[in-house]
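Chemist: First, the structure itself, so that you have it in front of you.
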Amino acid sequence: MTYRAHIKAVLLLGLPLVGSHLAQMAIGVTDTVMIGLYDVTSLAALGLASSFFFMFFVFGAGLGNAVMPMVAEASASGDDVRVRRVTRMGLWASLAYTLAVQPVFFYSESVLIFLGQQPEVAALAQEYLAIAGVGLIPALLVVTLKSYLSAIERTTVVLVATIAAALLNGVMNYMLIFGNWGAPELGIRGAAIASVVNQFLPLFILMAYAAIKQRNHALFVRFWKIDTEALWEVTRLGVPIGITIIAEVGLFTAASIMVGWFGAIELAAHVVVLQIASVTFMVHLGLSGVATIRAGRAIGEKDEDRLRKGGIVALSMSFVFSVLTVILFVFWPDPLVDLFLAEDEPAREAVIDIARALMVLAALFQLTDGMQAIGIGLLRGVQDTRVPMILAGTGYWLIGVPISYVLSQHMGYGPSGVWMGLVVGLSVVAVMLNIRFWNRKWVA
């Protein structure tokens with residue numbers, strides 16, 4: 001394939017994936033904006049609760065994400081039986097995990113207080129998590145089905161399902177957080193109820209599509225029958241993926257905890273900037289998914305040239321988008337931050353002042369954040385997950401977190417010091433992952 005053909009293929013596959021990630025992110029943004037308009041203390045609590053929930057979500061998502069490269073390779077080689085086996089066992093593994101971790105959400109207040117968070121914020125966070133934790137069950141089943149459908153290049157339905165969930169979430173948030181249309185005013189609990197309901201909608205849509213449109217794979221025929229070999233393969237590949245993701249997410253969770261030590265206003269500013277940076281990262285995450293799929297298909301076709309050209313195109317497109325977001329963050333931070341705060345919020349100016357400085361630092365890691373996302377996507381595509389897990393753990397936790405702690409707590413940089421550590425940790429991991437992919441031959 002020529003580079004032009006690779007670019008076209010990446011866009012055709014990637015735009016729906018990027019759109020679905022942005023739609024998924026819109027759910028979190030909607031929660032943050034509406035809770036921010038409701039109350040700053042609730043906003044700080046939502047930030048903590050979301051980070052807590054996300055830690056468990058992303059680890060379990062590793063099991064569903066493992067399905068993507070395996071299905072891509074099997075589909076490219078024409079093995080429909082293997083497509084069915086690994087997808088079905090991906091659903092099994094995800095369901096088992098979600099049921100096992102449910103009790104954790106009911107004791108989150110004690111954990112957050114132990115980590116040094118303010119009691120009022122921790123109590124509100126548990127109110128949210130006690131309800132929202134149920135949504136983990138459909139959420140991880142959706143991850144597996146999205147991976148399956150994306151790997152066979154059925155990304156449009158993924159986009160439609162995610163947009164439907166985002167729209168439903170917005171409507172329910174407006175109704176339940178503020179008590180509109182005759183509903184009770186539930187505040188942060190209303191956001192939690194909305195999040196649970198909107199997780200089930202895409203699950204039903206994707207299950208129906210798979211059952212009706214992909215009958216050749218027969219995913220739900222004799223679904224109860226265990227396949228120990230395929231279950232082990234999914235677990236073997238998925239657990240390192242989950243640990244790798246949680247290492248990165250844990251970096252940001254640790255950052256939220258360290259910023260929380262300075263107070264609710266600093267934490268609210270951190271939550272807003274992190275939310276903005278997360279929105280732009282969804283584009284890189286979509287491109288990372290495309291890199292995984294196309295790398296997996298190249299492995300299935302045993303085409304090293306296609307693998308490398310596809311990697312170059314994905315990395316280049318990520319770089320171009322990163323440059324655009326750097327310009328946006330540096331020169332127009334205030335309009336972005338304004339979206340998350342009510343005009344009559346007493347702490348508004350204090351939050352904006354802190355967030356403005358953090359936006360500059362968020363701009364600094366845009367390039368390396370995209371670079372690490374593509375690097376890890378390519379490595380997953382060739383089903384190399386254990387070494388990236390070690391590299392991520394080293395860069396994020398042995399380098400990034402200690403630097404954040406020292407700069408913020410002992411050198412007087414405050415919340416900005418936390419973000420400086422994020423920049424360093426992400427940069428180190430990005431370089432190491434790409435060195436590993438580009439210095440090896442993956443097709444025998």
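Residue names in the structure tokens use chain letters A, B, ... in the order shown, residue numbers from 1 in each chain, and ligand numbers from 1 in the order shown.
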Might you pull out every residue within 9 Å of region 98-112 of chain A, with only C-alpha atoms counted and same-chain residues fewer than 6 positions away left off, and present them as a VMD selection string?
Modeler: chain A and resid 48 to 49 52 to 53 56 to 57 60 118 to 119 121 to 127 129 to 134 136 to 138 140 257
Chemist: For region 276-288 of chain A, please output as a ChimeraX atom specification all residues within 9 Å (counting only C-alpha atoms; exclusion window: fewer than 2 positions along the same chain).
Modeler: /A:10,14-22,24-26,29,271-274,290-293,314-315,317-318,321-322,325,329,336-337,359,362-363,366,369-371,373-378
Chemist: Grab the residues selected above and save them as a compact mmCIF listing (two decimals), in the first residue's frame with N, CA and C atoms.
Modeler:
# COMPACT_ATOMS: atom_id res chain seq x y z
N VAL A 10 -6.70 4.94 7.27
CA VAL A 10 -6.70 5.41 8.66
C VAL A 10 -7.86 6.36 8.91
N GLY A 14 -10.52 5.49 11.28
CA GLY A 14 -10.22 6.25 12.48
C GLY A 14 -11.23 7.32 12.84
N LEU A 15 -11.84 7.98 11.85
CA LEU A 15 -12.77 9.05 12.17
C LEU A 15 -13.95 8.58 13.03
N PRO A 16 -14.59 7.44 12.69
CA PRO A 16 -15.64 6.95 13.60
C PRO A 16 -15.11 6.59 14.99
N LEU A 17 -13.89 6.03 15.05
CA LEU A 17 -13.31 5.69 16.34
C LEU A 17 -13.01 6.93 17.16
N VAL A 18 -12.41 7.93 16.51
CA VAL A 18 -12.15 9.19 17.20
C VAL A 18 -13.46 9.81 17.64
N GLY A 19 -14.45 9.78 16.76
CA GLY A 19 -15.76 10.33 17.11
C GLY A 19 -16.38 9.62 18.30
N SER A 20 -16.24 8.29 18.35
CA SER A 20 -16.82 7.54 19.47
C SER A 20 -16.11 7.85 20.77
N HIS A 21 -14.78 8.03 20.70
CA HIS A 21 -14.04 8.40 21.91
C HIS A 21 -14.43 9.80 22.38
N LEU A 22 -14.62 10.71 21.43
CA LEU A 22 -15.04 12.07 21.79
C LEU A 22 -16.45 12.06 22.38
N GLN A 24 -17.78 9.54 23.95
CA GLN A 24 -17.62 8.97 25.28
C GLN A 24 -17.10 10.02 26.26
N MET A 25 -16.14 10.79 25.77
CA MET A 25 -15.58 11.84 26.60
C MET A 25 -16.62 12.91 26.90
N ALA A 26 -17.53 13.11 25.96
CA ALA A 26 -18.57 14.12 26.17
C ALA A 26 -19.42 13.79 27.38
N VAL A 29 -17.39 15.12 30.23
CA VAL A 29 -17.39 16.59 30.16
C VAL A 29 -18.75 17.14 30.60
N VAL A 271 -9.07 19.56 38.02
CA VAL A 271 -10.09 18.73 37.37
C VAL A 271 -10.50 19.33 36.03
N VAL A 272 -10.68 20.64 35.99
CA VAL A 272 -11.10 21.31 34.75
C VAL A 272 -10.03 21.15 33.67
N VAL A 273 -8.78 21.42 34.00
CA VAL A 273 -7.70 21.33 33.01
C VAL A 273 -7.50 19.88 32.57
N LEU A 274 -7.58 18.96 33.50
CA LEU A 274 -7.43 17.55 33.14
C LEU A 274 -8.56 17.11 32.21
N VAL A 290 -6.80 2.68 15.90
CA VAL A 290 -6.57 2.39 14.48
C VAL A 290 -5.21 1.72 14.28
N ALA A 291 -4.20 2.23 14.99
CA ALA A 291 -2.87 1.64 14.89
C ALA A 291 -2.88 0.19 15.34
N THR A 292 -3.62 -0.10 16.40
CA THR A 292 -3.73 -1.48 16.88
C THR A 292 -4.40 -2.38 15.85
N ILE A 293 -5.52 -1.92 15.30
CA ILE A 293 -6.27 -2.72 14.33
C ILE A 293 -5.44 -2.99 13.08
N ALA A 314 0.05 6.81 11.24
CA ALA A 314 -0.65 7.06 12.51
C ALA A 314 0.14 8.03 13.39
N LEU A 315 1.45 7.85 13.45
CA LEU A 315 2.29 8.71 14.27
C LEU A 315 2.31 10.14 13.73
N MET A 317 -0.04 11.65 11.87
CA MET A 317 -1.33 12.31 12.06
C MET A 317 -1.50 12.74 13.52
N SER A 318 -1.02 11.94 14.43
CA SER A 318 -1.06 12.30 15.84
C SER A 318 -0.22 13.54 16.12
N PHE A 321 -1.98 16.80 14.91
CA PHE A 321 -3.05 17.22 15.83
C PHE A 321 -2.48 17.78 17.13
N SER A 322 -1.38 17.20 17.61
CA SER A 322 -0.75 17.70 18.84
C SER A 322 -0.31 19.14 18.69
N THR A 325 -3.27 21.45 19.07
CA THR A 325 -3.77 21.59 20.43
C THR A 325 -2.82 22.39 21.31
N PHE A 329 -4.09 25.55 23.51
CA PHE A 329 -3.94 25.60 24.97
C PHE A 329 -3.12 26.82 25.42
N LEU A 336 -11.71 28.14 27.25
CA LEU A 336 -11.91 26.72 27.53
C LEU A 336 -12.26 26.50 29.00
N VAL A 337 -11.53 27.14 29.89
CA VAL A 337 -11.78 26.99 31.33
C VAL A 337 -13.15 27.55 31.70
N MET A 359 -2.81 25.05 32.18
CA MET A 359 -3.06 24.85 30.76
C MET A 359 -1.77 24.91 29.94
N ALA A 362 -0.18 21.62 30.45
CA ALA A 362 -0.92 20.61 29.71
C ALA A 362 -0.55 20.64 28.23
N ALA A 363 -0.26 21.82 27.72
CA ALA A 363 0.16 21.95 26.32
C ALA A 363 1.50 21.27 26.09
N GLN A 366 1.32 17.50 25.22
CA GLN A 366 0.48 17.05 24.11
C GLN A 366 1.26 16.21 23.10
N ASP A 369 2.32 12.87 24.77
CA ASP A 369 1.14 12.07 25.11
C ASP A 369 0.61 11.35 23.87
N GLY A 370 0.55 12.07 22.76
CA GLY A 370 0.14 11.44 21.51
C GLY A 370 1.13 10.40 21.05
N MET A 371 2.40 10.68 21.20
CA MET A 371 3.46 9.77 20.78
C MET A 371 3.40 8.46 21.56
N ALA A 373 0.71 7.22 23.02
CA ALA A 373 -0.54 6.54 22.68
C ALA A 373 -0.37 5.72 21.40
N ILE A 374 0.26 6.30 20.39
CA ILE A 374 0.47 5.57 19.14
C ILE A 374 1.46 4.42 19.34
N GLY A 375 2.52 4.68 20.10
CA GLY A 375 3.51 3.63 20.36
C GLY A 375 2.89 2.42 21.02
N ILE A 376 2.06 2.66 22.02
CA ILE A 376 1.46 1.53 22.73
C ILE A 376 0.39 0.86 21.87
N GLY A 377 -0.29 1.64 21.01
CA GLY A 377 -1.26 1.05 20.10
C GLY A 377 -0.61 0.11 19.11
N LEU A 378 0.52 0.51 18.57
CA LEU A 378 1.24 -0.35 17.62
C LEU A 378 1.74 -1.62 18.30
Chemist: Excluding Arg222 (chain A) and residues on its chain fewer than 4 positions from it, collect all residues at most 12 Å away from it, counting only C-alpha atoms, and give them as JSON, numbers by chain.
Modeler: {"A": [84, 85, 88, 218, 226, 227]}
Chemist: Can you list, as JSON, numbers by chain, every residue of region 184-265 of chain A that DSSP puts in alpha helix (DSSP H)?
Modeler: {"A": [188, 189, 190, 191, 192, 193, 194, 195, 196, 197, 198, 199, 200, 201, 202, 203, 204, 205, 206, 207, 208, 209, 210, 211, 212, 213, 228, 229, 230, 231, 232, 233, 234, 235, 236, 237, 238, 239, 240, 241, 242, 243, 244, 245, 246, 247, 248, 249, 250, 251, 252, 253, 254, 255, 256, 257, 258, 259, 260, 264, 265]}
Chemist: Measure the distance from CA of Met55 (chain A) to CA of Phe200 (chain A) in Å and round it to one decimal.
Modeler: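 Going from CA of Met55 (chain A) over to CA of Phe200 (chain A) covers 20.1 Å.
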Chemist: Using only C-alpha atoms, pick whichever of A:Gly311, A:Gly393, A:Gly135, A:Gly400 has the shortest atom-to-atom distance to Gly417 (chain A).
Modeler: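 Of the candidates, the smallest distance to Gly417 (chain A) is held by A:Gly400.
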Chemist: From the options A:Thr394, A:Thr30, A:Gln117, A:Thr368, which residue's atoms come nearest to Ala44 (chain A), counting only C-alpha atoms?
Modeler: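 That would be A:Gln117, the residue with the smallest distance to Ala44 (chain A).
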Chemist: Please indicate the distance in Å from CA of Arg356 (chain A) to CA of Pro333 (chain A), rounded to one decimal place.
Modeler: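 The value is 6.2 Å.
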Chemist: Give me the residues near Thr32 (chain A) as number ranges by chain, where near means some atom within 9 Å (using only C-alpha atoms) and where sequence neighbours in that chain fewer than 6 positions away do not count.
Modeler: A: 43, 46-47, 271-272, 275, 340
Chemist: Those selected residues, please, written with C-alpha atoms and delivered as a compact mmCIF listing (two decimals), in the first residue's frame.
Modeler:
# COMPACT_ATOMS: atom_id res chain seq x y z
CA LEU A 43 -17.09 19.32 41.29
CA LEU A 46 -16.75 14.30 41.11
CA GLY A 47 -13.12 14.66 40.05
CA VAL A 271 -10.09 18.73 37.37
CA VAL A 272 -11.10 21.31 34.75
CA GLN A 275 -10.88 17.31 31.57
CA PHE A 340 -16.73 24.62 33.34
Chemist: Restricting the calculation to only C-alpha atoms: of A:Ala210, A:Val83, A:Leu358, A:Met175, which residue gets closest to Ala151 (chain A)?
Modeler: A:Val83
Chemist: List as a PyMOL selection string the protein and nucleic acid residues near region 261-269 of chain A, meaning an atom at most 7 Å away when only C-alpha atoms are counted, but skip any in the same chain fewer than 6 places from it.
Modeler: chain A and resi 40-41+43-44+116-117+351-352+354-355
Chemist: Take the residues from that selection and put them in a file with N, CA and C atoms, as a PDB file, in the first residue's frame.
Modeler:
ATOM      1  N   VAL A  40     -19.035  23.893  43.449  1.00  0.00           N
ATOM      2  CA  VAL A  40     -17.604  23.630  43.299  1.00  0.00           C
ATOM      3  C   VAL A  40     -17.151  22.457  44.172  1.00  0.00           C
ATOM      4  N   THR A  41     -17.711  22.320  45.379  1.00  0.00           N
ATOM      5  CA  THR A  41     -17.344  21.184  46.233  1.00  0.00           C
ATOM      6  C   THR A  41     -17.760  19.866  45.585  1.00  0.00           C
ATOM      7  N   LEU A  43     -18.005  19.475  42.419  1.00  0.00           N
ATOM      8  CA  LEU A  43     -17.093  19.321  41.287  1.00  0.00           C
ATOM      9  C   LEU A  43     -15.796  18.650  41.723  1.00  0.00           C
ATOM     10  N   ALA A  44     -15.248  19.082  42.859  1.00  0.00           N
ATOM     11  CA  ALA A  44     -14.039  18.451  43.380  1.00  0.00           C
ATOM     12  C   ALA A  44     -14.295  16.986  43.709  1.00  0.00           C
ATOM     13  N   GLY A 116      -5.761  11.316  52.339  1.00  0.00           N
ATOM     14  CA  GLY A 116      -5.561  12.719  52.682  1.00  0.00           C
ATOM     15  C   GLY A 116      -6.579  13.684  52.119  1.00  0.00           C
ATOM     16  N   GLN A 117      -7.701  13.180  51.593  1.00  0.00           N
ATOM     17  CA  GLN A 117      -8.703  14.072  51.026  1.00  0.00           C
ATOM     18  C   GLN A 117      -9.607  14.633  52.121  1.00  0.00           C
ATOM     19  N   VAL A 351     -10.120  29.889  40.685  1.00  0.00           N
ATOM     20  CA  VAL A 351      -9.989  28.657  39.883  1.00  0.00           C
ATOM     21  C   VAL A 351      -9.372  28.969  38.526  1.00  0.00           C
ATOM     22  N   ILE A 352      -9.813  30.050  37.884  1.00  0.00           N
ATOM     23  CA  ILE A 352      -9.301  30.414  36.559  1.00  0.00           C
ATOM     24  C   ILE A 352      -7.813  30.753  36.627  1.00  0.00           C
ATOM     25  N   ILE A 354      -5.484  29.626  38.654  1.00  0.00           N
ATOM     26  CA  ILE A 354      -4.698  28.397  38.787  1.00  0.00           C
ATOM     27  C   ILE A 354      -4.751  27.593  37.494  1.00  0.00           C
ATOM     28  N   ALA A 355      -5.938  27.493  36.913  1.00  0.00           N
ATOM     29  CA  ALA A 355      -6.109  26.694  35.694  1.00  0.00           C
ATOM     30  C   ALA A 355      -5.312  27.262  34.524  1.00  0.00           C
TER      31      ALA A 355
END
Chemist: So how far away is CA of Asp79 (chain A) from CA of Asp303 (chain A), in Å?
Modeler: 17.5 Å
Chemist: Any idea what's packed within 9 Å of Glu343 (chain A), counting only C-alpha atoms, ignoring anything in its chain fewer than 4 positions away? Could you give it as a PyMOL selection string?
Modeler: chain A and resi 37+338+348
Chemist: Export, as a PDB file, in the first residue's frame, the selected residues with N, CA and C atoms.
Modeler:
ATOM      1  N   LEU A  37     -21.466  23.737  37.439  1.00  0.00           N
ATOM      2  CA  LEU A  37     -22.489  24.780  37.528  1.00  0.00           C
ATOM      3  C   LEU A  37     -23.332  24.627  38.791  1.00  0.00           C
ATOM      4  N   ASP A 338     -13.545  28.657  31.055  1.00  0.00           N
ATOM      5  CA  ASP A 338     -14.831  29.304  31.347  1.00  0.00           C
ATOM      6  C   ASP A 338     -16.020  28.359  31.179  1.00  0.00           C
ATOM      7  N   ARG A 348     -14.700  31.528  41.347  1.00  0.00           N
ATOM      8  CA  ARG A 348     -14.449  31.495  39.903  1.00  0.00           C
ATOM      9  C   ARG A 348     -13.077  32.038  39.518  1.00  0.00           C
TER      10      ARG A 348
END
Chemist: Nearest residue to Glu229 (chain A) out of A:Val428, A:Ala96, A:Leu398, A:Met89, using only C-alpha atoms?
Modeler: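 Result for the nearest residue to Glu229 (chain A): A:Met89.
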Chemist: Give me the residues near Val71 (chain A) as a PyMOL selection string, where near means some atom within 10 Å (using only C-alpha atoms) and where sequence neighbours in that chain fewer than 2 positions away do not count.
Modeler: chain A and resi 66-69+73-77+79-80+82-87+147-152+293+296-297+300
